[in-house]
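**Student:** Take a look at this one; I'll ask things after.
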Amino acid sequence: MIRIISTTIARWYSTPVMVCFLILATVLLWVFNFSSLPISNSELIKLSGGQGLLDLKLYYSGHEATQILASYGDAGRAFYRNYLIFDFFFPLMYGFGLAWMLTLIARKAFGPNSRWMHVNLLPVGIASADYVENLCILWMLQAFPENNLWAGTVAGIATVTKHILTIGTLRCMAVGSGALVARRYGFFQRWLKPQNL
């Protein structure tokens, strides 16, 4: 199953589409985290008196998630619902964009039949965890003021999973890029070449 999904992602690879997805993901990342637009984290911080997006926390328990949602107030919770509409596009953009980037790096650095090709599944894992997180937060927002500790707990686990897989993706990109540079400049060939005694 893993091999089938990885191979399908690799088959769908297209440089122009990858670039478009990565540009769109970068724009959304800037809008959500660094802009002063009405769907940005800074807007929620203003509305809630200092609490930012749950998405940006490293981890939170179900109890903490419930407390944070309560601290947002009506305006903050309404903001979060609208934010999640846009945030449902973001994982799609970065998930496929990064998966295709890893496909390209693995293919050029290690060859198309290498097991390294499977690293293109890491961004899919990130996006999947992000969707689980978003759905759980939306569930909690819709049910508020009823406490949904199970949804908050699942959202917190999805959040930490998302961060761990992001670190794994960045490390694989660094290793693959290093191998690509080494291959391009013949480092491996010189290193493996027998030394004259």
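Chain labels A, B, ... are given in the sequence in which chains occur in the structure tokens; within each chain residues are numbered consecutively from 1, and ligands are likewise numbered from 1 in the order shown.
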Excluding same-chain residues fewer than 4 positions from Ser128 (chain A), what lies within 10 Å of it counting only C-alpha atoms, as number ranges by chain?
**Tutor:** A: 91-92, 95, 122-124, 132-134, 158, 161-162
**Student:** Any chance you could export the current selection's N, CA, C and O atoms as a CSV table (one decimal), in the first residue's frame?
**Tutor:**
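Dumped to result-v9.csv:
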```csv
chain,number,residue,atom,x,y,z
A,91,PRO,N,-3.1,22.4,3.7
A,91,PRO,CA,-2.4,21.1,3.7
A,91,PRO,C,-2.3,20.5,2.3
A,91,PRO,O,-1.3,19.8,1.9
A,92,LEU,N,-3.3,20.7,1.5
A,92,LEU,CA,-3.3,20.2,0.1
A,92,LEU,C,-2.2,20.8,-0.7
A,92,LEU,O,-1.4,20.1,-1.4
A,95,GLY,N,1.2,19.8,1.1
A,95,GLY,CA,1.4,18.3,1.2
A,95,GLY,C,1.9,17.8,-0.2
A,95,GLY,O,2.9,17.1,-0.3
A,122,LEU,N,6.1,11.4,3.6
A,122,LEU,CA,6.2,12.2,4.8
A,122,LEU,C,5.3,13.4,4.7
A,122,LEU,O,4.5,13.7,5.7
A,123,PRO,N,5.3,14.2,3.7
A,123,PRO,CA,4.4,15.4,3.6
A,123,PRO,C,3.0,15.0,3.5
A,123,PRO,O,2.1,15.8,4.0
A,124,VAL,N,2.7,13.8,3.0
A,124,VAL,CA,1.3,13.4,3.0
A,124,VAL,C,0.8,13.1,4.4
A,124,VAL,O,-0.3,13.4,4.8
A,132,VAL,N,-6.8,16.1,10.3
A,132,VAL,CA,-7.4,15.5,11.5
A,132,VAL,C,-7.5,16.6,12.5
A,132,VAL,O,-8.5,16.8,13.2
A,133,GLU,N,-6.4,17.3,12.7
A,133,GLU,CA,-6.4,18.5,13.7
A,133,GLU,C,-7.5,19.5,13.4
A,133,GLU,O,-8.3,19.9,14.2
A,134,ASN,N,-7.6,19.9,12.1
A,134,ASN,CA,-8.6,20.9,11.7
A,134,ASN,C,-10.1,20.3,11.9
A,134,ASN,O,-10.9,21.1,12.4
A,158,ALA,N,-2.6,14.9,16.9
A,158,ALA,CA,-2.4,15.3,15.5
A,158,ALA,C,-1.4,16.4,15.3
A,158,ALA,O,-0.6,16.4,14.4
A,161,THR,N,2.1,15.2,16.0
A,161,THR,CA,2.5,14.3,14.9
A,161,THR,C,2.9,15.1,13.7
A,161,THR,O,3.9,14.8,13.0
A,162,LYS,N,2.1,16.2,13.4
A,162,LYS,CA,2.4,17.1,12.3
A,162,LYS,C,3.8,17.7,12.5
A,162,LYS,O,4.6,17.7,11.5
```
**Student:** State, in Å with one decimal place, the distance from CA of Leu28 (chain A) to CA of Leu84 (chain A).
**Tutor:**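 The value is 12.3 Å.
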**Student:** Go through A:Arg107, A:His63, A:His118, A:Arg77 and flag the residue nearest Ile5 (chain A), using only C-alpha atoms for the distances.
**Tutor:**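 Checking each candidate against Ile5 (chain A), we get A:His118 as the closest.
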**Student:** Excluding Arg115 (chain A) and its own-chain neighbours fewer than 6 positions away, which residues fall within 12 Å of it when counting only C-alpha atoms? Please give them as a PyMOL selection string.
**Tutor:** chain A and resi 2-3+6-7+103+106-107+109+121
**Student:** List the spatial neighbours of region 16-24 of chain A as a list of chain:residue names - criterion: any atom at most 9 Å away, only C-alpha atoms, same-chain residues fewer than 4 positions off excluded.
**Tutor:**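 The neighbour list is A:Leu28, A:Leu29, A:Phe90, A:Leu92, A:Met93, A:Tyr94, A:Gly95, A:Phe96, A:Gly97, A:Leu98, A:Ala99, A:Trp100, A:Met101.
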**Student:** Keeping N, CA, C and O atoms for every residue in the selection just given, could you write it to a file as a compact mmCIF listing (two decimals), in the first residue's frame?
**Tutor:**
```txt
# COMPACT_ATOMS: atom_id res chain seq x y z
N LEU A 28 -0.01 31.30 1.47
CA LEU A 28 -0.93 31.01 2.57
C LEU A 28 -0.21 31.01 3.91
O LEU A 28 -0.74 31.50 4.91
N LEU A 29 1.01 30.47 3.93
CA LEU A 29 1.81 30.47 5.17
C LEU A 29 2.05 31.90 5.64
O LEU A 29 1.91 32.21 6.83
N PHE A 90 -4.68 24.73 2.63
CA PHE A 90 -3.24 24.80 2.91
C PHE A 90 -2.55 23.43 2.92
O PHE A 90 -1.53 23.25 2.24
N LEU A 92 -3.34 20.71 1.46
CA LEU A 92 -3.33 20.18 0.09
C LEU A 92 -2.16 20.77 -0.69
O LEU A 92 -1.42 20.06 -1.39
N MET A 93 -1.96 22.10 -0.54
CA MET A 93 -0.90 22.79 -1.28
C MET A 93 0.48 22.33 -0.83
O MET A 93 1.31 21.92 -1.64
N TYR A 94 0.74 22.42 0.49
CA TYR A 94 2.09 22.07 0.95
C TYR A 94 2.32 20.56 0.93
O TYR A 94 3.44 20.10 0.70
N GLY A 95 1.25 19.77 1.14
CA GLY A 95 1.41 18.32 1.15
C GLY A 95 1.90 17.79 -0.19
O GLY A 95 2.92 17.09 -0.26
N PHE A 96 1.20 18.16 -1.26
CA PHE A 96 1.63 17.71 -2.59
C PHE A 96 2.90 18.42 -3.05
O PHE A 96 3.78 17.81 -3.66
N GLY A 97 3.00 19.72 -2.75
CA GLY A 97 4.21 20.47 -3.16
C GLY A 97 5.47 19.86 -2.59
O GLY A 97 6.45 19.61 -3.31
N LEU A 98 5.48 19.59 -1.27
CA LEU A 98 6.66 19.00 -0.63
C LEU A 98 6.86 17.55 -1.03
O LEU A 98 8.00 17.09 -1.16
N ALA A 99 5.76 16.81 -1.23
CA ALA A 99 5.89 15.41 -1.67
C ALA A 99 6.56 15.34 -3.03
O ALA A 99 7.44 14.49 -3.27
N TRP A 100 6.18 16.24 -3.94
CA TRP A 100 6.82 16.25 -5.26
C TRP A 100 8.25 16.75 -5.19
O TRP A 100 9.10 16.29 -5.94
N MET A 101 8.53 17.67 -4.27
CA MET A 101 9.92 18.13 -4.12
C MET A 101 10.81 16.99 -3.63
O MET A 101 11.91 16.78 -4.14
```
**Student:** Determine the nearest neighbour of Leu102 (chain A) from the options A:Gly49, A:Cys172, A:Thr8, A:Ala182, counting only C-alpha atoms.
**Tutor:**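 Checking each candidate against Leu102 (chain A), we get A:Cys172 as the closest.
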**Student:** To one decimal place in Å, what is the distance between CA of Leu149 (chain A) and CA of Ser48 (chain A)?
**Tutor:**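 Computing it gives 21.0 Å between the two atoms.
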